[in-house]
Amino acid sequence: MGFLSQAIEQQAEAALVSAARSGEVSFLCIRCDRVSTDPEGVKASLCGTCRKWIAAVRLYPLPLIWVLAVFNGPFVAGTLAALSWKRIGDIRKAQIVVVQLVACLAGLLFYGPFAFLPPVTLGGLLWLFVTAAVIGYATAGLGPLLTAHRSAGGRQGNFIMPVLVALALAAPGLWIWYSAITAIIWGG
Ligand SMILES: [Zn+2]
């Protein structure tokens with residue numbers, strides 16, 4: 001069943017590409033909204049200009065952004081989303097995300113280092129809700145662009161740096177947990 005549907009999908013894709021090649025298919029470019037008949041751009045829904053350009057930028061995958069959001073709060077995840085928007089060329093969306101992250105700083109002052117850890121308490125769940133709202137907005141509309149980016153052969157941004165920053169931010173919270181737990185166990 002899986003093979004069959006995959007074969008049908010490939011067939012449909014091939015038909016679309018060959019139709020585009022003969023000039024029968026036109027589509028709207030998802031970035032610049034212009035009508036294009038570029039046969040190479042059908043799969044990614046990008047015109048020739050936007051395809052070359054999006055393939056040259058590095059973007060971060062959505063799962064990485066969401067994992068960072070759940071385990072590390074909105075800051076690193078939101079920064080990756082804002083960076084992606086900036087690289088895609090939507091400076092306004094990038095700016096709005098940054099403004100929301102600045103608003104989250106108030107939450108950081110309230111929750112302290114625990115803001116960078118997964119939610120474990122009722123307060124933590126509230127923080128998770130705030131994080132989900134901010135990252136939900138920050139990643140809305142990013143999916144199709146990332147798919148187009150992948151089809152156009154674009155490369156992913158570097159994972160190592162954001163993950164290291166996330167771990168560094170979580171370190172003070174982890175240390176407080178560690179000392180609290182050892183104090184309970186050893187009665188110190
Ligand atoms: Zn375009």
# chains A, B, ... in the order shown; residues from 1 in each chain; ligands from 1
$ closest_atom_pairs --of "chain A" --to "ligand 1" --cutoff "8 Å" --atoms "only C-alpha atoms and all ligand atoms" --output "CSV"
residue,atom,partner,partner_atom_place_in_ligand_line,distance
A:Leu28,CA,ligand 1,1 (Zn),8.0
A:Cys29,CA,ligand 1,1 (Zn),4.6
A:Ile30,CA,ligand 1,1 (Zn),6.6
A:Arg31,CA,ligand 1,1 (Zn),5.1
A:Cys32,CA,ligand 1,1 (Zn),4.1
A:Asp33,CA,ligand 1,1 (Zn),6.3
A:Arg34,CA,ligand 1,1 (Zn),6.0
A:Ser36,CA,ligand 1,1 (Zn),7.7
A:Leu46,CA,ligand 1,1 (Zn),5.3
A:Cys47,CA,ligand 1,1 (Zn),4.3
A:Gly48,CA,ligand 1,1 (Zn),6.8
A:Thr49,CA,ligand 1,1 (Zn),5.9
A:Cys50,CA,ligand 1,1 (Zn),4.3
A:Arg51,CA,ligand 1,1 (Zn),7.1
$ write_last_selection --atoms "N, CA and C atoms" --output "PDB file, in the first residue's frame"
ATOM      1  N   LEU A  28       1.749  29.835  -8.772  1.00  0.00           N
ATOM      2  CA  LEU A  28       2.099  31.057  -8.053  1.00  0.00           C
ATOM      3  C   LEU A  28       3.334  30.796  -7.198  1.00  0.00           C
ATOM      4  N   CYS A  29       4.320  31.632  -7.315  1.00  0.00           N
ATOM      5  CA  CYS A  29       5.505  31.518  -6.468  1.00  0.00           C
ATOM      6  C   CYS A  29       5.102  31.851  -5.030  1.00  0.00           C
ATOM      7  N   ILE A  30       5.436  30.956  -4.064  1.00  0.00           N
ATOM      8  CA  ILE A  30       4.974  31.186  -2.689  1.00  0.00           C
ATOM      9  C   ILE A  30       5.736  32.326  -2.017  1.00  0.00           C
ATOM     10  N   ARG A  31       6.809  32.804  -2.613  1.00  0.00           N
ATOM     11  CA  ARG A  31       7.538  33.903  -1.967  1.00  0.00           C
ATOM     12  C   ARG A  31       7.164  35.256  -2.568  1.00  0.00           C
ATOM     13  N   CYS A  32       7.180  35.364  -3.902  1.00  0.00           N
ATOM     14  CA  CYS A  32       6.959  36.687  -4.484  1.00  0.00           C
ATOM     15  C   CYS A  32       5.556  36.825  -5.085  1.00  0.00           C
ATOM     16  N   ASP A  33       4.738  35.712  -5.039  1.00  0.00           N
ATOM     17  CA  ASP A  33       3.352  35.759  -5.506  1.00  0.00           C
ATOM     18  C   ASP A  33       3.217  36.043  -7.002  1.00  0.00           C
ATOM     19  N   ARG A  34       4.310  35.885  -7.771  1.00  0.00           N
ATOM     20  CA  ARG A  34       4.209  36.079  -9.219  1.00  0.00           C
ATOM     21  C   ARG A  34       3.910  34.744  -9.883  1.00  0.00           C
ATOM     22  N   SER A  36       4.509  31.825 -12.344  1.00  0.00           N
ATOM     23  CA  SER A  36       5.723  31.310 -12.961  1.00  0.00           C
ATOM     24  C   SER A  36       5.400  30.042 -13.747  1.00  0.00           C
ATOM     25  N   LEU A  46       8.299  27.652  -6.367  1.00  0.00           N
ATOM     26  CA  LEU A  46       9.098  28.881  -6.355  1.00  0.00           C
ATOM     27  C   LEU A  46       9.487  29.222  -7.786  1.00  0.00           C
ATOM     28  N   CYS A  47       9.457  30.520  -8.114  1.00  0.00           N
ATOM     29  CA  CYS A  47       9.901  30.944  -9.436  1.00  0.00           C
ATOM     30  C   CYS A  47      11.426  30.824  -9.513  1.00  0.00           C
ATOM     31  N   GLY A  48      11.967  30.948 -10.703  1.00  0.00           N
ATOM     32  CA  GLY A  48      13.401  30.755 -10.893  1.00  0.00           C
ATOM     33  C   GLY A  48      14.249  31.644  -9.994  1.00  0.00           C
ATOM     34  N   THR A  49      13.862  32.925  -9.913  1.00  0.00           N
ATOM     35  CA  THR A  49      14.625  33.885  -9.109  1.00  0.00           C
ATOM     36  C   THR A  49      14.620  33.488  -7.632  1.00  0.00           C
ATOM     37  N   CYS A  50      13.399  33.213  -7.108  1.00  0.00           N
ATOM     38  CA  CYS A  50      13.278  32.908  -5.680  1.00  0.00           C
ATOM     39  C   CYS A  50      13.928  31.565  -5.338  1.00  0.00           C
ATOM     40  N   ARG A  51      13.898  30.623  -6.296  1.00  0.00           N
ATOM     41  CA  ARG A  51      14.467  29.300  -6.031  1.00  0.00           C
ATOM     42  C   ARG A  51      15.981  29.398  -5.836  1.00  0.00           C
TER      43      ARG A  51
END
$ residues_around --residues "stretch 140-147 of chain A" --least-positions-apart "4" --cutoff "8 Å" --atoms "only C-alpha atoms" --output "JSON, numbers by chain"
{"A": [30, 31, 44, 59, 61, 62, 136, 151]}
$ select_by_dssp --residues "stretch 11-159 of chain A" --states "strand (DSSP E)" --output "list in words"
Phe27, Leu28, Val35 and Ser36 of chain A
$ residues_around --residues "A:Cys104" --least-positions-apart "6" --cutoff "9 Å" --atoms "only C-alpha atoms" --output "ChimeraX atom specification"
/A:74-75,130-131,134
$ closest_atom_pairs --of "stretch 14-121 of chain A" --to "stretch 167-184 of chain A" --cutoff "8 Å" --atoms "only C-alpha atoms" --output "Markdown table"
| residue | atom | partner | partner_atom | distance |
| --- | --- | --- | --- | --- |
| A:Asn72 | CA | A:Ala170 | CA | 6.9 |
| A:Pro113 | CA | A:Gly173 | CA | 4.7 |
| A:Phe114 | CA | A:Gly173 | CA | 5.1 |
| A:Phe116 | CA | A:Ala170 | CA | 5.0 |
| A:Leu117 | CA | A:Ala170 | CA | 5.9 |
$ closest_residue --among "A:Ala19, A:Ala148, A:Phe71, A:Ile185" --to "A:Ser45" --atoms "only C-alpha atoms"
A:Ala148
$ closest_residue --among "A:Val17, A:Ala56, A:Ala69, A:Ala132" --to "A:Arg87" --atoms "only C-alpha atoms"
A:Ala56
$ atom_distance --atom1 "atom CA of A:Ala82" --atom2 "atom CA of A:Val98"
6.8 Å
$ residues_around --residues "A:Glu13" --least-positions-apart "4" --cutoff "12 Å" --atoms "only C-alpha atoms" --output "JSON, numbers by chain"
{"A": [6, 7, 8, 9, 17, 18, 19, 20, 39, 40, 42, 43, 44]}
$ closest_residue --among "A:Thr79, A:Val163, A:Gly107, A:Trp66" --to "A:Gln95" --atoms "only C-alpha atoms"
A:Thr79
